[in-house]
Amino acid sequence: MPVEFTKEMKRSHTILSPDMFPTHMELLQAIFRIHGYNIAIARDEGKQVIDTGLKYLHNDVCYPAICAVGQQLYALESGEYDPKTTALIMFQTGGGCRASNYIMLLRKALHNMGMDEVPVISLSLSGLERSPGFRFTPGMMLAAIRAVIYGDMLLLLKNQTLPYEVNEGDTAGTVEKWIGELTEQFRRGRGLSRRALRRNLRAMAEDFHRIPREKKELTKVGIVGEIYVKYAAFGNNGLEKFLLSQGCETMVPGVLGFFQYCFANMETDRKYYGKPLRNVLAGNLMLRFADRWEQEMLHALEDYPEFVAPVSFDRVKELADRVIDRGVKMGEGWLLPGETAELIEKGYTNVICAQPFGCLPNHIVGKGTIRRLRELYPQANIFPVDYDAGASRVNQENRIKLMLAIARDEAAAVVE
């Protein structure tokens with residue numbers, strides 16, 4: 001029987017999480033800590049982490065699992081954490097992809113490592129498992145959504161400022177400043193009201209607006225895909241950094257969209273699969289909160305037209321409906337083509353679809369929708385890029401360089 005995370009462990013244990021999202025993880029870590037959970041983030045990267053994941057899993061497991069589980073197991077093996085006072089946490093959607101098996105894979109790996117005493121916590125909106133000592137309450141959920149909005153704002157402003165900054169380090173320094181400021185606000189019980197959200201978002205936009213920037217033409221590239229390799233630099237081999245080195249400006253849709261997608265799918269589950277009405281009501285309630293707070297971010301950007309703002313989630317749904325039915329909801333489902341269409345309409349016509357090799361849901365909603373997207377947007381330059389433990393980074397980067405060469409040739413032809 002697996003060891004449960006008990007109420008006593010809440011006080012005694014460190015909960016080790018994989019590093020999932022850029023800029024967001026420290027903010028989410030602060031939210032968990034103010035609710036009494038000592039969350040630590042496993043940030044190790046490199047071949048040794050992948051090798052650890054492969055050692056205790058196997059090649060048939062999807063690449064995000066190898067990366068995320070590999071980070072946690074490598075941290076445990078390093079001796080930095082005492083197995084007797086450490087728990088692991090894994091984020092699950094409860095959908096029909098292999099990610100729903102991560103928890104069992106972790107437990108099997110811990111057994112093979114002789115660490116059966118390490119409890120594994122499932123953080124899932126669908127309640128796949130329950131732990132006596134861990135409760136993801138509605139209050140925590142709402143606070144986490146606000147933290148995600150802050151992270152999305154920083155991600156958006158960073159990506160639109162960094163390629164153009166005159167003084168190297170200004171953008172990174174501003175991101176670090178705000179992560180520090182927000183985590184301190186959270187610690188003091190501030191920063192999470194709607195008024196504070198509005199004030200902080202506008203102050204963020206003003207700070208990035210003040211960074212001196214050079215006017216120059218760069219190739220605009222959007223990034224979509226499976227949620228881990230889309231965001232985690234470890235999972236996508238530093239995709240954003242590589243694109244920056246190639247003279248590109250990138251845009252990555254925010255993490256909030258995935259939360260909204262999960263909430264919206266509760267209505268789809270009732271329509272197609274007869275799930276309980278209470279699930280729909282709960283999902284609609286959370287979606288209303290998320291949509292309302294999303295508007296605060298959009299309003300904060302209105303006074304700074306130099307920044308390209310995201311569209312509302314309602315618009316993403318409309319765009320997705322032109323491509324695929326909302327019943328296609330495994331993995332990133334209809335959200336992925338919806339975000340792709342949003343990026344194209346915003347002028348990021350070169351889109352990289354980052355996907356784990358052999359990820360069935362992502363290949364259907366990624367590669368499988370490209371033809372329809374190109375029918376709707378003939379100017380679109382969409383390139384799927386597969387990521388896997390055995391994939392060559394050089395091959396990935398060469399494929400991206402090919403995409404950029406096509407983009408620049410097309411841009412030159414328009415000028416002529």
# chains A, B, ... in the order shown; residues from 1 in each chain; ligands from 1
>>> select_by_dssp(residues="range 138-297 of chain A", states="strand (DSSP E or B)", output="list in words")
Glu165, Arg213, Thr219, Lys220, Val221, Gly222, Ile223, Val224, Gly225, Cys248, Glu249, Thr250 and Met251 of chain A
>>> residues_around(residues="range 281-287 of chain A", least_positions_apart="6", cutoff="10 Å", atoms="only C-alpha atoms", output="number ranges by chain")
A: 125, 138, 141-142, 145, 259-267, 293, 313
>>> closest_residue(among="A:Val316, A:Gln72, A:Arg43, A:Arg288", to="Phe258 in chain A", atoms="only C-alpha atoms")
A:Val316
>>> closest_residue(among="A:Asp325, A:Glu117, A:Glu129, A:Glu249", to="Pro163 in chain A", atoms="only C-alpha atoms")
A:Glu249
>>> closest_atom_pairs(of="range 26-138 of chain A", to="range 190-209 of chain A", cutoff="12 Å", atoms="only C-alpha atoms", output="CSV")
residue,atom,partner,partner_atom,distance
A:Leu27,CA,A:Gly191,CA,11.2
A:Ala30,CA,A:Gly191,CA,11.7
A:Ile31,CA,A:Leu192,CA,9.8
A:Ile34,CA,A:Arg190,CA,11.0
>>> write_last_selection(atoms="N, CA and C atoms", output="PDB file, in the first residue's frame")
ATOM      1  N   LEU A  27       5.948  31.961  -7.615  1.00  0.00           N
ATOM      2  CA  LEU A  27       4.710  32.581  -7.147  1.00  0.00           C
ATOM      3  C   LEU A  27       3.761  31.523  -6.594  1.00  0.00           C
ATOM      4  N   ALA A  30       4.930  30.296  -3.244  1.00  0.00           N
ATOM      5  CA  ALA A  30       4.572  31.203  -2.153  1.00  0.00           C
ATOM      6  C   ALA A  30       3.129  31.000  -1.713  1.00  0.00           C
ATOM      7  N   ILE A  31       2.234  30.738  -2.677  1.00  0.00           N
ATOM      8  CA  ILE A  31       0.827  30.489  -2.328  1.00  0.00           C
ATOM      9  C   ILE A  31       0.704  29.246  -1.455  1.00  0.00           C
ATOM     10  N   ILE A  34       1.989  29.923   2.174  1.00  0.00           N
ATOM     11  CA  ILE A  34       1.131  30.677   3.090  1.00  0.00           C
ATOM     12  C   ILE A  34      -0.051  29.830   3.568  1.00  0.00           C
TER      13      ILE A  34
END
>>> select_by_dssp(residues="range 88-274 of chain A", states="alpha helix (DSSP H)", output="ChimeraX atom specification")
/A:102-112,138-161,170-187,194-209,227-231,239-245,256-273
>>> closest_residue(among="A:Glu296, A:Asp269, A:Glu226, A:Asp314", to="Met20 in chain A", atoms="only C-alpha atoms")
A:Glu226
>>> closest_residue(among="A:Glu339, A:Gly151, A:Ala380, A:Glu345", to="Glu26 in chain A", atoms="only C-alpha atoms")
A:Gly151
>>> residues_around(residues="Thr86 in chain A", least_positions_apart="5", cutoff="10 Å", atoms="only C-alpha atoms", output="list in words")
Phe5, Met9, Ser12, His13, Thr14, Ile15, Leu16, Asn38, Ile39, Ala40, Leu76, Tyr81, Glu117, Val118, Pro119 and Val120 of chain A
>>> closest_residue(among="A:Leu73, A:Met104, A:Leu301, A:Ala68", to="Ile121 in chain A", atoms="only C-alpha atoms")
A:Met104
